[in-house]
Amino acid sequence: MRRRLRNVAMAFTLMALSGVLSVSQALAAPLRIAINSDPKADSVYAAVDVAKREGLDVKVVEFTDWITPNTALANDDVDLNYFQHRPFLANANQQQGLSLVPIALGIEDKTCLYSTRHASLAQIPEGGKAAVADDPVNQGRGLLLYQQAGLIKLRDGVGDQGTLLDVAENPRRLSFVEMQGPQLARAIPDVDVAQSYSIHVRAAHTIDPQHYLTCNGDTSGKYALAFVTRRDNRDDPRIEKFIHIYQTAPEVRAALKRSYGSERLYQLAWQHHTLGHDHLSEANQ
């Protein structure tokens, strides 16, 4: 009997040691995070530097589009990505048959209307060219901004889910040009007005990002960037540690301020909102 008890005790000890070793091994392996190549990437690199000092090795993989970071994550080429808001993720999961999940909030960019040709919305001419995102989620958000600016009217009830087919009134007969989100900032000089993220405008150097015609108001964190991973990876201790560093390290705050140039152009969404259990989070579960 005593021998059996000793064997059982030894088995539990080995199991406990195995658990400790598995966590240690997980922390020892490099964490791979996919991001977009834009100025806010500097905040991620700032977190990477802090993580290295704290014993966490992080490898950053940069992409120039909004599709590959999700396919790379789904294919286990990276462990985490940080470039998209939850409505974009929900659409990607549905359209591409993915099962990726948001696990924490990051920053929320301002979406604004910009023009190098006109100093105010009132100056945008009849028949002018207006640039809008070509993906369904950001196009809906952009069209809602055009409506809030008084330039168009959308069909009742579409909210931020509208497409160009939902434009019910276009009194200035604006000609909409669709293009990929990252390209919008560079197109500002070529059109009368363009939807774009302020961070992309700063990177493109087409106009001072603070010289916008109008920007979106409070979205209650709906469009905050999210840290996203696979379902089987959501409890990875490396991810938890890296997100904690990103959200708390002074070096990250300083990098964000340098990248945006003004704290008016972004919000630390995790300080004001949570993922909670709303329909956006549930759509990704």
# chains A, B, ... in the order shown; residues from 1 in each chain; ligands from 1
call {"tool": "residues_around", "arguments": {"residues": "Ile33 of chain A", "least_positions_apart": "6", "cutoff": "6 Å", "atoms": "only C-alpha atoms", "output": "NGL selection string"}}
result
:A and (60 or 78-81)
call {"tool": "select_by_dssp", "arguments": {"residues": "segment 22-134 of chain A", "states": "strand (DSSP E)", "output": "ChimeraX atom specification"}}
result
/A:31-36,58-63,80-85,100-105,107-109,111-114,129-133
call {"tool": "closest_atom_pairs", "arguments": {"of": "segment 32-82 of chain A", "to": "segment 196-220 of chain A", "cutoff": "12 Å", "atoms": "only C-alpha atoms", "output": "tab-separated table"}}
result
residue	atom	partner	partner_atom	distance
A:Asn36	CA	A:His200	CA	10.7
A:Ser37	CA	A:Ala203	CA	9.7
A:Asp38	CA	A:Ala203	CA	6.6
A:Pro39	CA	A:Ala203	CA	6.3
A:Lys40	CA	A:Ile199	CA	7.2
A:Ala41	CA	A:Ile199	CA	10.4
A:Asp42	CA	A:Ile199	CA	11.7
A:Thr64	CA	A:His200	CA	11.8
call {"tool": "closest_atom_pairs", "arguments": {"of": "segment 67-132 of chain A", "to": "segment 149-161 of chain A", "cutoff": "10 Å", "atoms": "only C-alpha atoms", "output": "CSV"}}
result
residue,atom,partner,partner_atom,distance
A:Pro87,CA,A:Gln161,CA,9.8
A:Leu113,CA,A:Ala149,CA,8.8
A:Leu121,CA,A:Ala149,CA,7.3
A:Ala122,CA,A:Leu151,CA,9.1
A:Ile124,CA,A:Leu151,CA,8.9
call {"tool": "write_last_selection", "arguments": {"atoms": "C-alpha atoms", "output": "compact mmCIF listing (two decimals), in the first residue's frame"}}
result
# COMPACT_ATOMS: atom_id res chain seq x y z
CA PRO A 87 -15.96 43.90 -37.79
CA LEU A 113 -12.16 62.55 -44.77
CA LEU A 121 -16.68 70.06 -47.14
CA ALA A 122 -18.68 72.91 -48.65
CA ILE A 124 -16.28 69.81 -52.71
call {"tool": "closest_residue", "arguments": {"among": "A:Arg172, A:Arg258, A:Arg86, A:Arg186", "to": "Tyr114 of chain A", "atoms": "only C-alpha atoms"}}
result
A:Arg186
call {"tool": "atom_distance", "arguments": {"atom1": "atom CA of Gln94 of chain A", "atom2": "atom CA of Thr274 of chain A"}}
result
22.8 Å
call {"tool": "closest_residue", "arguments": {"among": "A:Lys222, A:Arg238, A:Arg117, A:Arg230", "to": "Pro30 of chain A", "atoms": "only C-alpha atoms"}}
result
A:Arg238
call {"tool": "atom_distance", "arguments": {"atom1": "atom CA of Asn233 of chain A", "atom2": "atom CA of Asp76 of chain A"}}
result
9.9 Å
call {"tool": "closest_residue", "arguments": {"among": "A:Leu73, A:Val191, A:Ala133, A:Ala104", "to": "Thr116 of chain A", "atoms": "only C-alpha atoms"}}
result
A:Val191
call {"tool": "closest_residue", "arguments": {"among": "A:Arg32, A:Phe83, A:Arg141, A:Pro250", "to": "Thr68 of chain A", "atoms": "only C-alpha atoms"}}
result
A:Phe83
call {"tool": "residues_around", "arguments": {"residues": "Arg234 of chain A", "least_positions_apart": "4", "cutoff": "8 Å", "atoms": "only C-alpha atoms", "output": "PyMOL selection string"}}
result
chain A and resi 101+103+229-230+239
call {"tool": "closest_residue", "arguments": {"among": "A:Ala92, A:Leu100, A:Ala131, A:Ala29", "to": "Leu164 of chain A", "atoms": "only C-alpha atoms"}}
result
A:Ala131
call {"tool": "atom_distance", "arguments": {"atom1": "atom CA of Thr163 of chain A", "atom2": "atom CA of Gln84 of chain A"}}
result
19.6 Å
call {"tool": "select_by_dssp", "arguments": {"residues": "segment 27-230 of chain A", "states": "helix (DSSP H, G or I)", "output": "PyMOL selection string"}}
result
chain A and resi 27-28+41-53+68-74+86-96+121-123+136-148+159-161+164-166+181-190+198-204
call {"tool": "residues_around", "arguments": {"residues": "Gly181 of chain A", "least_positions_apart": "6", "cutoff": "9 Å", "atoms": "only C-alpha atoms", "output": "ChimeraX atom specification"}}
result
/A:65-66,132-135,138-139,195-197
call {"tool": "write_last_selection", "arguments": {"atoms": "N, CA, C and O atoms", "output": "PDB file, in the first residue's frame"}}
result
ATOM      1  N   ASP A  65      -0.615  44.068 -46.932  1.00  0.00           N
ATOM      2  CA  ASP A  65      -2.033  43.967 -47.287  1.00  0.00           C
ATOM      3  C   ASP A  65      -2.836  43.568 -46.057  1.00  0.00           C
ATOM      4  O   ASP A  65      -2.276  43.327 -44.981  1.00  0.00           O
ATOM      5  N   TRP A  66      -4.166  43.479 -46.214  1.00  0.00           N
ATOM      6  CA  TRP A  66      -5.048  43.175 -45.088  1.00  0.00           C
ATOM      7  C   TRP A  66      -5.598  41.751 -45.153  1.00  0.00           C
ATOM      8  O   TRP A  66      -6.498  41.416 -44.390  1.00  0.00           O
ATOM      9  N   VAL A 132     -13.125  55.706 -51.620  1.00  0.00           N
ATOM     10  CA  VAL A 132     -13.687  54.928 -50.520  1.00  0.00           C
ATOM     11  C   VAL A 132     -13.051  53.544 -50.529  1.00  0.00           C
ATOM     12  O   VAL A 132     -12.619  53.057 -51.585  1.00  0.00           O
ATOM     13  N   ALA A 133     -12.970  52.901 -49.377  1.00  0.00           N
ATOM     14  CA  ALA A 133     -12.372  51.565 -49.281  1.00  0.00           C
ATOM     15  C   ALA A 133     -13.170  50.554 -50.085  1.00  0.00           C
ATOM     16  O   ALA A 133     -14.397  50.668 -50.220  1.00  0.00           O
ATOM     17  N   ASP A 134     -12.479  49.543 -50.622  1.00  0.00           N
ATOM     18  CA  ASP A 134     -13.178  48.541 -51.445  1.00  0.00           C
ATOM     19  C   ASP A 134     -13.606  47.312 -50.658  1.00  0.00           C
ATOM     20  O   ASP A 134     -14.390  46.503 -51.162  1.00  0.00           O
ATOM     21  N   ASP A 135     -13.114  47.147 -49.406  1.00  0.00           N
ATOM     22  CA  ASP A 135     -13.567  45.994 -48.641  1.00  0.00           C
ATOM     23  C   ASP A 135     -14.896  46.339 -47.975  1.00  0.00           C
ATOM     24  O   ASP A 135     -15.159  47.499 -47.640  1.00  0.00           O
ATOM     25  N   ASN A 138     -14.861  48.306 -44.235  1.00  0.00           N
ATOM     26  CA  ASN A 138     -14.373  49.676 -44.199  1.00  0.00           C
ATOM     27  C   ASN A 138     -15.088  50.579 -45.196  1.00  0.00           C
ATOM     28  O   ASN A 138     -15.147  51.787 -45.000  1.00  0.00           O
ATOM     29  N   GLN A 139     -15.651  49.998 -46.258  1.00  0.00           N
ATOM     30  CA  GLN A 139     -16.462  50.804 -47.160  1.00  0.00           C
ATOM     31  C   GLN A 139     -17.714  51.296 -46.444  1.00  0.00           C
ATOM     32  O   GLN A 139     -18.097  52.469 -46.545  1.00  0.00           O
ATOM     33  N   GLN A 195     -11.590  58.981 -47.995  1.00  0.00           N
ATOM     34  CA  GLN A 195     -11.636  58.348 -46.673  1.00  0.00           C
ATOM     35  C   GLN A 195     -10.258  57.761 -46.389  1.00  0.00           C
ATOM     36  O   GLN A 195      -9.637  57.164 -47.262  1.00  0.00           O
ATOM     37  N   SER A 196      -9.755  57.930 -45.177  1.00  0.00           N
ATOM     38  CA  SER A 196      -8.493  57.273 -44.831  1.00  0.00           C
ATOM     39  C   SER A 196      -8.280  57.293 -43.331  1.00  0.00           C
ATOM     40  O   SER A 196      -8.852  58.117 -42.614  1.00  0.00           O
ATOM     41  N   TYR A 197      -7.441  56.354 -42.864  1.00  0.00           N
ATOM     42  CA  TYR A 197      -6.990  56.374 -41.483  1.00  0.00           C
ATOM     43  C   TYR A 197      -5.886  57.418 -41.349  1.00  0.00           C
ATOM     44  O   TYR A 197      -5.005  57.536 -42.216  1.00  0.00           O
TER      45      TYR A 197
END
